[in-house]
file target37.pdb (PDB, C-alpha atoms)
ATOM      1  CA  ILE A  17     -14.935  27.039  -6.999  1.00  0.00           C
ATOM      2  CA  MET A  18     -12.647  28.526  -4.351  1.00  0.00           C
ATOM      3  CA  HIS A  19     -12.589  31.544  -2.070  1.00  0.00           C
ATOM      4  CA  LEU A  20     -10.424  33.122   0.605  1.00  0.00           C
ATOM      5  CA  ASP A  21     -11.653  32.600   4.147  1.00  0.00           C
ATOM      6  CA  ASN A  22     -11.328  35.218   6.898  1.00  0.00           C
ATOM      7  CA  ASN A  23      -7.797  33.973   7.646  1.00  0.00           C
ATOM      8  CA  GLY A  24      -6.625  34.344   4.039  1.00  0.00           C
ATOM      9  CA  LYS A  25      -6.684  30.603   3.380  1.00  0.00           C
ATOM     10  CA  ILE A  26      -7.947  29.387  -0.008  1.00  0.00           C
ATOM     11  CA  GLU A  27     -10.820  26.940   0.399  1.00  0.00           C
ATOM     12  CA  ALA A  28     -12.854  24.992  -2.128  1.00  0.00           C
ATOM     13  CA  TYR A  29     -16.538  25.495  -1.412  1.00  0.00           C
ATOM     14  CA  SER A  30     -18.273  24.067  -4.453  1.00  0.00           C
ATOM     15  CA  LYS A  31     -17.734  21.692  -7.341  1.00  0.00           C
ATOM     16  CA  VAL A  32     -19.343  22.322 -10.698  1.00  0.00           C
ATOM     17  CA  ARG A  33     -19.055  20.939 -14.188  1.00  0.00           C
ATOM     18  CA  GLY A  34     -17.993  23.097 -17.087  1.00  0.00           C
ATOM     19  CA  VAL A  35     -17.200  26.729 -17.605  1.00  0.00           C
ATOM     20  CA  LYS A  36     -20.856  27.783 -17.805  1.00  0.00           C
ATOM     21  CA  GLY A  37     -21.567  26.165 -14.435  1.00  0.00           C
ATOM     22  CA  ALA A  38     -18.500  27.807 -12.898  1.00  0.00           C
ATOM     23  CA  ILE A  39     -19.538  31.251 -14.139  1.00  0.00           C
ATOM     24  CA  GLU A  40     -23.134  30.843 -12.957  1.00  0.00           C
ATOM     25  CA  THR A  41     -22.035  29.585  -9.532  1.00  0.00           C
ATOM     26  CA  THR A  42     -19.500  32.380  -9.130  1.00  0.00           C
ATOM     27  CA  VAL A  43     -21.967  35.124 -10.082  1.00  0.00           C
ATOM     28  CA  LYS A  44     -24.646  33.654  -7.796  1.00  0.00           C
ATOM     29  CA  ALA A  45     -22.197  33.527  -4.871  1.00  0.00           C
ATOM     30  CA  ILE A  46     -21.172  37.140  -5.431  1.00  0.00           C
ATOM     31  CA  VAL A  47     -24.779  38.326  -5.635  1.00  0.00           C
ATOM     32  CA  ASN A  48     -25.764  36.392  -2.498  1.00  0.00           C
ATOM     33  CA  ASN A  49     -22.794  37.611  -0.444  1.00  0.00           C
ATOM     34  CA  PHE A  50     -22.257  41.113  -1.763  1.00  0.00           C
ATOM     35  CA  ASP A  51     -22.990  44.090   0.468  1.00  0.00           C
ATOM     36  CA  ASN A  52     -24.784  46.327  -1.990  1.00  0.00           C
ATOM     37  CA  SER A  53     -25.862  48.928   0.542  1.00  0.00           C
ATOM     38  CA  GLY A  54     -24.225  51.432  -1.773  1.00  0.00           C
ATOM     39  CA  LEU A  55     -23.468  51.197  -5.444  1.00  0.00           C
ATOM     40  CA  ASN A  56     -20.024  52.708  -4.818  1.00  0.00           C
ATOM     41  CA  ASN A  57     -18.695  49.227  -4.064  1.00  0.00           C
ATOM     42  CA  LYS A  58     -16.072  47.994  -6.478  1.00  0.00           C
ATOM     43  CA  ILE A  59     -15.758  44.596  -8.127  1.00  0.00           C
ATOM     44  CA  PHE A  60     -12.487  43.575  -9.786  1.00  0.00           C
ATOM     45  CA  ILE A  61     -12.245  40.755 -12.312  1.00  0.00           C
ATOM     46  CA  ALA A  62      -8.712  39.560 -13.012  1.00  0.00           C
ATOM     47  CA  ASN A  63      -8.187  37.422 -16.081  1.00  0.00           C
ATOM     48  CA  SER A  64      -5.332  35.381 -17.430  1.00  0.00           C
ATOM     49  CA  ASN A  65      -5.825  34.832 -21.173  1.00  0.00           C
ATOM     50  CA  CYS A  66      -9.615  34.719 -20.622  1.00  0.00           C
ATOM     51  CA  LEU A  67     -10.906  38.154 -21.554  1.00  0.00           C
ATOM     52  CA  GLU A  68     -14.108  36.731 -23.083  1.00  0.00           C
ATOM     53  CA  LEU A  69     -14.966  34.910 -19.830  1.00  0.00           C
ATOM     54  CA  ALA A  70     -14.164  38.001 -17.767  1.00  0.00           C
ATOM     55  CA  GLU A  71     -16.455  40.083 -19.984  1.00  0.00           C
ATOM     56  CA  LYS A  72     -19.232  37.496 -19.597  1.00  0.00           C
ATOM     57  CA  VAL A  73     -18.933  37.607 -15.804  1.00  0.00           C
ATOM     58  CA  LYS A  74     -18.980  41.401 -15.910  1.00  0.00           C
ATOM     59  CA  GLU A  75     -22.088  41.376 -18.099  1.00  0.00           C
ATOM     60  CA  LEU A  76     -23.909  39.034 -15.703  1.00  0.00           C
ATOM     61  CA  LEU A  77     -22.903  41.104 -12.670  1.00  0.00           C
ATOM     62  CA  GLU A  78     -24.038  44.318 -14.362  1.00  0.00           C
ATOM     63  CA  LYS A  79     -27.471  42.747 -14.935  1.00  0.00           C
ATOM     64  CA  GLU A  80     -27.717  42.173 -11.167  1.00  0.00           C
ATOM     65  CA  LYS A  81     -27.072  45.900 -10.549  1.00  0.00           C
ATOM     66  CA  ILE A  82     -24.971  45.321  -7.431  1.00  0.00           C
ATOM     67  CA  SER A  83     -22.199  47.750  -8.358  1.00  0.00           C
ATOM     68  CA  ASN A  84     -21.628  50.692 -10.662  1.00  0.00           C
ATOM     69  CA  ASP A  85     -17.893  50.005 -10.752  1.00  0.00           C
ATOM     70  CA  ILE A  86     -16.927  46.616 -12.210  1.00  0.00           C
ATOM     71  CA  ARG A  87     -13.414  46.531 -13.674  1.00  0.00           C
ATOM     72  CA  ILE A  88     -11.535  43.935 -15.689  1.00  0.00           C
ATOM     73  CA  TYR A  89      -7.754  43.627 -15.366  1.00  0.00           C
ATOM     74  CA  ASP A  90      -5.263  41.505 -17.258  1.00  0.00           C
ATOM     75  CA  ILE A  91      -2.672  39.633 -15.240  1.00  0.00           C
ATOM     76  CA  ASP A  92       0.546  38.195 -16.599  1.00  0.00           C
ATOM     77  CA  SER A  93       0.509  34.478 -17.027  1.00  0.00           C
ATOM     78  CA  ASP A  94       2.636  31.607 -18.177  1.00  0.00           C
ATOM     79  CA  GLY A  95       0.044  30.594 -20.753  1.00  0.00           C
ATOM     80  CA  SER A  96      -2.501  29.233 -18.303  1.00  0.00           C
ATOM     81  CA  GLN A  97      -6.081  30.489 -18.377  1.00  0.00           C
ATOM     82  CA  GLY A  98      -8.472  31.574 -15.654  1.00  0.00           C
ATOM     83  CA  ILE A  99     -10.391  34.374 -14.016  1.00  0.00           C
ATOM     84  CA  GLU A 100     -10.695  35.630 -10.472  1.00  0.00           C
ATOM     85  CA  VAL A 101     -13.348  37.949  -9.068  1.00  0.00           C
ATOM     86  CA  CYS A 102     -12.941  39.987  -5.917  1.00  0.00           C
ATOM     87  CA  SER A 103     -14.757  42.893  -4.334  1.00  0.00           C
ATOM     88  CA  LEU A 104     -13.997  45.695  -1.927  1.00  0.00           C
ATOM     89  CA  TRP A 105     -16.524  47.309   0.388  1.00  0.00           C
TER      90      TRP A 105
END
call {"tool": "encode", "arguments": {"input": "target37.pdb", "output": "C-alpha coordinates"}}
result
Amino acid sequence: IMHLDNNGKIEAYSKVRGVKGAIETTVKAIVNNFDNSGLNNKIFIANSNCLELAEKVKELLEKEKISNDIRIYDIDSDGSQGIEVCSLW
(Lines of atoms letter the chains of each structure in order from A and count residues from 1; the text may use other names and numbers.)
(Lines give C-alpha, C1' and ligand atoms only; values in the text may rest on other atoms or scores of the structure.)
Protein backbone atom coordinates (compact mmCIF):
# COMPACT_ATOMS: atom_id res chain seq x y z
CA ILE A 1 0.00 0.00 0.00
CA MET A 2 1.50 3.34 -1.04
CA HIS A 3 0.68 7.01 -0.66
CA LEU A 4 2.07 10.41 -1.60
CA ASP A 5 3.79 12.25 1.22
CA ASN A 6 3.64 16.03 1.67
CA ASN A 7 6.57 16.42 -0.74
CA GLY A 8 4.89 14.42 -3.51
CA LYS A 9 7.09 11.37 -2.98
CA ILE A 10 5.49 7.92 -3.22
CA GLU A 11 6.05 5.92 -0.04
CA ALA A 12 5.06 2.40 0.93
CA TYR A 13 3.37 2.48 4.32
CA SER A 14 1.88 -0.98 4.69
CA LYS A 15 2.20 -4.51 3.38
CA VAL A 16 -0.83 -6.74 3.05
CA ARG A 17 -1.65 -10.05 1.46
CA GLY A 18 -4.23 -10.35 -1.26
CA VAL A 19 -6.66 -8.04 -2.96
CA LYS A 20 -9.21 -8.21 -0.14
CA GLY A 21 -6.58 -7.14 2.39
CA ALA A 22 -5.44 -4.30 0.13
CA ILE A 23 -8.99 -3.01 -0.29
CA GLU A 24 -9.75 -3.21 3.44
CA THR A 25 -6.49 -1.48 4.36
CA THR A 26 -7.01 1.25 1.78
CA VAL A 27 -10.59 1.97 2.87
CA LYS A 28 -9.58 1.99 6.55
CA ALA A 29 -6.74 4.44 5.85
CA ILE A 30 -9.07 6.76 3.94
CA VAL A 31 -11.70 6.68 6.68
CA ASN A 32 -9.10 7.32 9.41
CA ASN A 33 -7.43 10.20 7.56
CA PHE A 34 -10.32 11.81 5.74
CA ASP A 35 -11.51 15.26 6.78
CA ASN A 36 -15.24 14.73 6.70
CA SER A 37 -16.17 18.05 8.25
CA GLY A 38 -18.40 18.51 5.23
CA LEU A 39 -19.89 15.96 2.91
CA ASN A 40 -18.97 18.16 -0.07
CA ASN A 41 -15.52 16.55 -0.11
CA LYS A 42 -14.76 14.57 -3.23
CA ILE A 43 -13.16 11.15 -3.55
CA PHE A 44 -11.82 9.98 -6.92
CA ILE A 45 -11.14 6.33 -7.71
CA ALA A 46 -9.03 5.76 -10.81
CA ASN A 47 -8.99 2.26 -12.25
CA SER A 48 -6.97 0.51 -14.89
CA ASN A 49 -8.87 -2.57 -16.10
CA CYS A 50 -10.27 -3.05 -12.57
CA LEU A 51 -13.77 -1.60 -12.63
CA GLU A 52 -15.12 -4.30 -10.30
CA LEU A 53 -12.49 -3.48 -7.65
CA ALA A 54 -13.12 0.25 -8.03
CA GLU A 55 -16.85 -0.33 -7.55
CA LYS A 56 -16.16 -2.42 -4.43
CA VAL A 57 -14.02 0.35 -2.94
CA LYS A 58 -16.72 2.88 -3.75
CA GLU A 59 -19.36 0.70 -2.11
CA LEU A 60 -17.29 0.37 1.07
CA LEU A 61 -16.59 4.11 1.19
CA GLU A 62 -20.27 4.91 0.69
CA LYS A 63 -21.11 2.72 3.70
CA GLU A 64 -18.77 4.89 5.80
CA LYS A 65 -20.71 8.02 4.74
CA ILE A 66 -17.61 10.22 4.52
CA SER A 67 -18.50 11.83 1.19
CA ASN A 68 -21.53 12.38 -1.00
CA ASP A 69 -19.35 12.62 -4.10
CA ILE A 70 -17.34 9.47 -4.89
CA ARG A 71 -16.43 9.13 -8.57
CA ILE A 72 -14.86 6.33 -10.57
CA TYR A 73 -12.69 7.13 -13.60
CA ASP A 74 -11.08 4.87 -16.17
CA ILE A 75 -7.46 5.52 -17.05
CA ASP A 76 -5.70 4.25 -20.14
CA SER A 77 -3.38 1.38 -19.52
CA ASP A 78 -1.02 -0.95 -21.27
CA GLY A 79 -2.94 -3.98 -20.04
CA SER A 80 -1.86 -3.74 -16.42
CA GLN A 81 -4.45 -3.67 -13.65
CA GLY A 82 -4.84 -1.53 -10.56
CA ILE A 83 -6.78 1.13 -8.74
CA GLU A 84 -5.86 4.40 -7.09
CA VAL A 85 -7.94 6.42 -4.65
CA CYS A 86 -7.43 10.09 -3.95
CA SER A 87 -9.43 12.82 -2.27
CA LEU A 88 -9.70 16.58 -2.39
CA TRP A 89 -10.74 18.77 0.51
call {"tool": "resolve_selection", "arguments": {"input": "target37.pdb", "expression": "the PyMOL selection byres ((chain A and resi 76) around 12)", "output": "list in words"}}
result
Lys36, Ile39, Glu40, Thr41, Thr42, Val43, Lys44, Ile46, Val47, Leu69, Ala70, Glu71, Lys72, Val73, Lys74, Glu75, Leu77, Glu78, Lys79, Glu80, Lys81, Ile82, Ser83 and Ile86 of chain A
call {"tool": "resolve_selection", "arguments": {"input": "target37.pdb", "expression": "the PyMOL selection byres ((chain A and resi 18) around 8)", "output": "PDB file with C-alpha atoms, keeping the file's coordinate frame"}}
result
ATOM      1  CA  ILE A  17     -14.935  27.039  -6.999  1.00  0.00           C
ATOM      2  CA  HIS A  19     -12.589  31.544  -2.070  1.00  0.00           C
ATOM      3  CA  LEU A  20     -10.424  33.122   0.605  1.00  0.00           C
ATOM      4  CA  ILE A  26      -7.947  29.387  -0.008  1.00  0.00           C
ATOM      5  CA  GLU A  27     -10.820  26.940   0.399  1.00  0.00           C
ATOM      6  CA  ALA A  28     -12.854  24.992  -2.128  1.00  0.00           C
ATOM      7  CA  TYR A  29     -16.538  25.495  -1.412  1.00  0.00           C
ATOM      8  CA  SER A  30     -18.273  24.067  -4.453  1.00  0.00           C
TER       9      SER A  30
END
call {"tool": "closest_residue", "arguments": {"input": "target37.pdb", "among": "A:Val32, A:Ala38, A:Ala45, A:Ile88", "to": "Asn63 of chain A", "atoms": "only C-alpha atoms"}}
result
A:Ile88
call {"tool": "closest_residue", "arguments": {"input": "target37.pdb", "among": "A:Asn48, A:Asp90, A:Asp21, A:Lys31", "to": "Asn65 of chain A", "atoms": "all atoms listed in the file"}}
result
A:Asp90
call {"tool": "atom_distance", "arguments": {"input": "target37.pdb", "atom1": "atom CA of Ile59 of chain A", "atom2": "atom CA of Tyr89 of chain A"}}
result
10.8 Å
call {"tool": "atom_distance", "arguments": {"input": "target37.pdb", "atom1": "atom CA of Val35 of chain A", "atom2": "atom CA of Ile61 of chain A"}}
result
15.8 Å
call {"tool": "closest_residue", "arguments": {"input": "target37.pdb", "among": "A:Asn49, A:Asn84, A:Gly34, A:Ile91", "to": "Ala62 of chain A", "atoms": "all atoms listed in the file"}}
result
A:Ile91
